[in-house]
Amino acid sequence: MREGSLEAPTRHPLDWQSEDFWDKKSLETELERVYDVCHGCRRCVSLCDSFPTLFNLVDESPTLEVDGIDKGDYNKVVDQCFMCDMCYMSKCPYVPPHEWNIDFPHLMLRAKAHNFKEKGASFRDKVLTSTDTVGKLATIPLVDITVNALNGNKLFRKAFQSAMGVHQEAPIPRYHSKTLRKSVKNLGDNIIPKAVGETTGKVALYATCYGNYNSPELGEDFYRVFQHNDIHIELVPKEQCCGMPKLELGDLDAVARAKEANIPVLAKLVDEGFDLIAPVPSCVLMYKQELPLMFPDDADVKKVQEAFYDPFEYLHLRHKKGEFKTEFTRSLGNISYHVACHLRVQNIGMKTRDILALVPDTTIHPQQRCSGHDGTYAVKEETYDKAVKIARPVVRKVNALKSEHLSSDCPMAASHIADLAETGEKPEHPMTLLRMAYGI
């Protein structure tokens, strides 16, 4: 139970188009207020490096209070926030409707937006968050082979770290010229959709940048599993990046441009009777939470929000109505399952675990701690070591369990954990494991 209120936590829209949002004095006043509340509580100290950074600034200040911190140091806290949202959703007792109205992640977003507006971003950060552009270039035939070879070369990675600030030890995903969009063209079906509960039985898969360019084989896993369960599945006809990388950078105008490109396409699909899914939790969260909070009065954004599901949430909804097949041909044994932060904050429960647990002789070991990855945080030279530190509790459990499988709904988090683990396990998406259990 949250202190100070018996009501469920709520989330206020992000008032990013108001004058007050962009007023620097107003921002500093709010940062000081929230920092003071956090200093008095210190409940979130183990979540990420933002809070230890803040508390160290307080403890080293002449007053031992927030008023002793140089306002020029406020951004040291902001720089460590990768907006996992876990402080808001699982720790903070002062979120609305509490009168103190604390929304730490969105305050950090506001500060990031100020910083981006005033100073822009480094060339590296612009490149790392331009996932569509990088993906299109890196998946040109033959270019993908060269890019993958260079990313696996230690001498190149060392030079790349010096030139671009991308840590030489950070795992970088492979690129494939045969993208998801190319690989699923021949996987159509003649399934007649059957509505079950709130689901229509007709889904459009939003490929995501990672799913399209870096993990195209995952698309086939989604198609096979959903078709096996008599669900009609198609690929969203066209899409851009959901905007999450630019949101974390503070480039809200770029987020708005992505929204203008994607929402009309997705809203049209909803009008045609499609439900929406995506293979990466961050992209699902963008449509279920962040865009609705940025554009609360946009009817199409609301329409898309209500039709967007986590894929295992979708399967579980149908399972509750008896429309999920549980005839499996093989067990999966022990699974070290990392529960991605952007999945946890959707407040849907561990539906991935619940579905995989239906497989006979299969035991899922959920790890509900942050991987520290966050898309770019674990790649940057200056934050890689902190990302490794954040991941240690999960890595220790993975090493101790020595499970047959290591899995996470977030492929990037899984790769980060696998790279640090001693077991040498190759990470596998839960949908890949489910297809494996079906033997299809």
# chains A, B, ... in the order shown; residues from 1 in each chain; ligands from 1
>>> select_by_dssp(residues="segment 158-349 of chain A", states="strand (DSSP E)", output="list in words")
Lys202, Val203, Ala204, Leu205, His232, Ile233, Glu234, Leu235, Asp275, Leu276, Ile277, Phe308, Tyr309, Gly333, Asn334, Ile335, Ser336, Tyr337 and His338 of chain A
>>> write_last_selection(atoms="C-alpha atoms", output="mmCIF file, in the first residue's frame")
data_model
loop_
_atom_site.group_PDB
_atom_site.id
_atom_site.type_symbol
_atom_site.label_atom_id
_atom_site.label_comp_id
_atom_site.auth_asym_id
_atom_site.auth_seq_id
_atom_site.Cartn_x
_atom_site.Cartn_y
_atom_site.Cartn_z
ATOM 1 C CA LYS A 202 -6.674 -10.354 -35.727
ATOM 2 C CA VAL A 203 -3.342 -8.695 -34.912
ATOM 3 C CA ALA A 204 -0.935 -6.356 -36.664
ATOM 4 C CA LEU A 205 2.699 -6.791 -35.648
ATOM 5 C CA HIS A 232 -4.619 -13.931 -37.920
ATOM 6 C CA ILE A 233 -1.370 -11.944 -37.984
ATOM 7 C CA GLU A 234 -0.050 -9.378 -40.430
ATOM 8 C CA LEU A 235 2.814 -6.913 -40.404
ATOM 9 C CA ASP A 275 -5.351 -5.417 -32.383
ATOM 10 C CA LEU A 276 -1.725 -4.280 -32.143
ATOM 11 C CA ILE A 277 1.370 -6.009 -30.717
ATOM 12 C CA PHE A 308 -2.038 -2.126 -28.125
ATOM 13 C CA TYR A 309 -1.062 -5.254 -26.195
ATOM 14 C CA GLY A 333 13.430 -27.206 -18.384
ATOM 15 C CA ASN A 334 14.684 -24.279 -16.287
ATOM 16 C CA ILE A 335 14.438 -20.768 -17.695
ATOM 17 C CA SER A 336 16.271 -17.776 -16.221
ATOM 18 C CA TYR A 337 13.717 -15.133 -17.125
ATOM 19 C CA HIS A 338 14.586 -11.451 -16.810
#
>>> residues_around(residues="His316 of chain A", least_positions_apart="2", cutoff="12 Å", atoms="only C-alpha atoms", output="PyMOL selection string")
chain A and resi 196-199+229+309-314+318-326+348-358
>>> closest_residue(among="A:Leu109, A:Ile231, A:Ala299, A:Val398", to="Ile263 of chain A", atoms="only C-alpha atoms")
A:Ala299
>>> closest_residue(among="A:Gln240, A:Gln161, A:Thr432, A:Gln289", to="Ser407 of chain A", atoms="only C-alpha atoms")
A:Thr432
>>> residues_around(residues="Trp100 of chain A", least_positions_apart="4", cutoff="12 Å", atoms="only C-alpha atoms", output="list in words")
Glu3, Gly4, Ser5, Glu30, Arg33, Val34, Asp36, Val37, Cys38, Cys92, Pro93, Tyr94, Val95, Pro96 and Phe104 of chain A
>>> decode(residues="segment 243-369 of chain A", atoms="C-alpha atoms", output="tab-separated table (two decimals), in the first residue's frame")
chain	number	residue	atom	x	y	z
A	243	GLY	CA	10.27	7.45	-30.71
A	244	MET	CA	11.43	5.97	-27.40
A	245	PRO	CA	15.17	6.57	-28.08
A	246	LYS	CA	14.47	10.23	-28.90
A	247	LEU	CA	12.23	10.53	-25.82
A	248	GLU	CA	15.09	9.39	-23.60
A	249	LEU	CA	17.34	11.93	-25.33
A	250	GLY	CA	14.85	14.71	-24.61
A	251	ASP	CA	14.16	15.43	-28.29
A	252	LEU	CA	10.40	15.83	-27.93
A	253	ASP	CA	9.96	17.36	-31.38
A	254	ALA	CA	11.42	14.18	-32.91
A	255	VAL	CA	8.99	12.14	-30.83
A	256	ALA	CA	6.13	14.25	-32.17
A	257	ARG	CA	7.32	13.67	-35.76
A	258	ALA	CA	7.44	9.90	-35.18
A	259	LYS	CA	3.96	10.05	-33.74
A	260	GLU	CA	2.66	11.92	-36.78
A	261	ALA	CA	4.13	9.23	-39.04
A	262	ASN	CA	2.98	6.18	-37.06
A	263	ILE	CA	-0.34	6.97	-35.41
A	264	PRO	CA	-2.40	7.44	-38.63
A	265	VAL	CA	-1.20	4.05	-39.92
A	266	LEU	CA	-1.91	2.28	-36.63
A	267	ALA	CA	-5.26	4.01	-36.09
A	268	LYS	CA	-6.40	2.90	-39.55
A	269	LEU	CA	-5.53	-0.68	-38.65
A	270	VAL	CA	-7.58	-0.41	-35.46
A	271	ASP	CA	-10.50	0.88	-37.52
A	272	GLU	CA	-10.12	-2.22	-39.71
A	273	GLY	CA	-10.49	-4.48	-36.68
A	274	PHE	CA	-6.86	-5.15	-35.82
A	275	ASP	CA	-5.35	-5.42	-32.38
A	276	LEU	CA	-1.72	-4.28	-32.14
A	277	ILE	CA	1.37	-6.01	-30.72
A	278	ALA	CA	5.15	-5.47	-30.78
A	279	PRO	CA	8.09	-7.72	-29.82
A	280	VAL	CA	9.89	-5.12	-27.66
A	281	PRO	CA	8.34	-3.85	-24.37
A	282	SER	CA	9.71	-0.31	-24.78
A	283	CYS	CA	7.81	0.14	-28.03
A	284	VAL	CA	4.62	-1.23	-26.49
A	285	LEU	CA	5.05	1.16	-23.55
A	286	MET	CA	5.52	4.09	-25.92
A	287	TYR	CA	2.04	3.55	-27.36
A	288	LYS	CA	0.39	2.45	-24.13
A	289	GLN	CA	1.78	5.21	-21.90
A	290	GLU	CA	4.20	7.84	-23.18
A	291	LEU	CA	2.40	9.06	-26.31
A	292	PRO	CA	-0.99	9.16	-24.55
A	293	LEU	CA	0.61	11.28	-21.80
A	294	MET	CA	2.22	13.59	-24.36
A	295	PHE	CA	-0.92	13.87	-26.51
A	296	PRO	CA	-3.85	13.32	-24.13
A	297	ASP	CA	-6.37	15.03	-26.40
A	298	ASP	CA	-5.53	13.11	-29.58
A	299	ALA	CA	-8.36	10.68	-30.31
A	300	ASP	CA	-6.24	8.50	-32.60
A	301	VAL	CA	-3.49	8.18	-29.98
A	302	LYS	CA	-6.14	7.04	-27.50
A	303	LYS	CA	-7.54	4.59	-30.04
A	304	VAL	CA	-4.11	3.06	-30.62
A	305	GLN	CA	-3.41	2.94	-26.88
A	306	GLU	CA	-6.55	0.90	-26.24
A	307	ALA	CA	-5.72	-1.57	-29.02
A	308	PHE	CA	-2.04	-2.13	-28.12
A	309	TYR	CA	-1.06	-5.25	-26.20
A	310	ASP	CA	2.06	-6.93	-24.94
A	311	PRO	CA	2.13	-10.15	-27.02
A	312	PHE	CA	2.02	-12.49	-24.02
A	313	GLU	CA	-0.69	-10.37	-22.43
A	314	TYR	CA	-2.65	-10.99	-25.63
A	315	LEU	CA	-2.11	-14.74	-25.56
A	316	HIS	CA	-3.02	-14.85	-21.88
A	317	LEU	CA	-6.28	-13.00	-22.46
A	318	ARG	CA	-7.25	-15.67	-24.96
A	319	HIS	CA	-6.01	-18.45	-22.68
A	320	LYS	CA	-8.44	-17.29	-19.98
A	321	LYS	CA	-11.27	-17.93	-22.45
A	322	GLY	CA	-9.94	-21.35	-23.46
A	323	GLU	CA	-8.51	-20.22	-26.82
A	324	PHE	CA	-4.81	-20.90	-26.29
A	325	LYS	CA	-3.36	-24.25	-27.27
A	326	THR	CA	-1.53	-26.10	-24.52
A	327	GLU	CA	-0.52	-29.24	-26.42
A	328	PHE	CA	3.27	-28.98	-26.36
A	329	THR	CA	5.75	-31.44	-27.88
A	330	ARG	CA	8.72	-30.72	-25.62
A	331	SER	CA	9.57	-29.25	-22.24
A	332	LEU	CA	11.88	-26.29	-21.73
A	333	GLY	CA	13.43	-27.21	-18.38
A	334	ASN	CA	14.68	-24.28	-16.29
A	335	ILE	CA	14.44	-20.77	-17.70
A	336	SER	CA	16.27	-17.78	-16.22
A	337	TYR	CA	13.72	-15.13	-17.13
A	338	HIS	CA	14.59	-11.45	-16.81
A	339	VAL	CA	11.46	-9.32	-16.41
A	340	ALA	CA	12.14	-6.14	-18.41
A	341	CYS	CA	11.47	-2.86	-16.59
A	342	HIS	CA	9.34	-1.48	-19.43
A	343	LEU	CA	7.22	-4.61	-19.17
A	344	ARG	CA	6.87	-4.43	-15.40
A	345	VAL	CA	5.61	-0.84	-15.49
A	346	GLN	CA	2.75	-1.82	-17.81
A	347	ASN	CA	1.06	-3.27	-14.72
A	348	ILE	CA	-0.18	-6.40	-16.48
A	349	GLY	CA	1.58	-8.94	-14.27
A	350	MET	CA	4.07	-11.55	-15.48
A	351	LYS	CA	2.04	-12.89	-18.37
A	352	THR	CA	5.13	-14.20	-20.17
A	353	ARG	CA	5.98	-16.34	-17.15
A	354	ASP	CA	2.38	-17.53	-16.85
A	355	ILE	CA	2.22	-18.66	-20.49
A	356	LEU	CA	5.61	-20.40	-20.45
A	357	ALA	CA	4.68	-22.10	-17.18
A	358	LEU	CA	1.96	-23.97	-19.06
A	359	VAL	CA	4.68	-26.00	-20.80
A	360	PRO	CA	5.11	-29.32	-18.93
A	361	ASP	CA	8.31	-29.90	-16.96
A	362	THR	CA	9.25	-26.25	-17.30
A	363	THR	CA	10.24	-23.96	-14.43
A	364	ILE	CA	10.58	-20.21	-14.86
A	365	HIS	CA	12.87	-18.28	-12.53
A	366	PRO	CA	11.87	-14.59	-12.81
A	367	GLN	CA	14.56	-11.97	-12.17
A	368	GLN	CA	12.83	-8.71	-11.28
A	369	ARG	CA	15.83	-6.41	-11.24
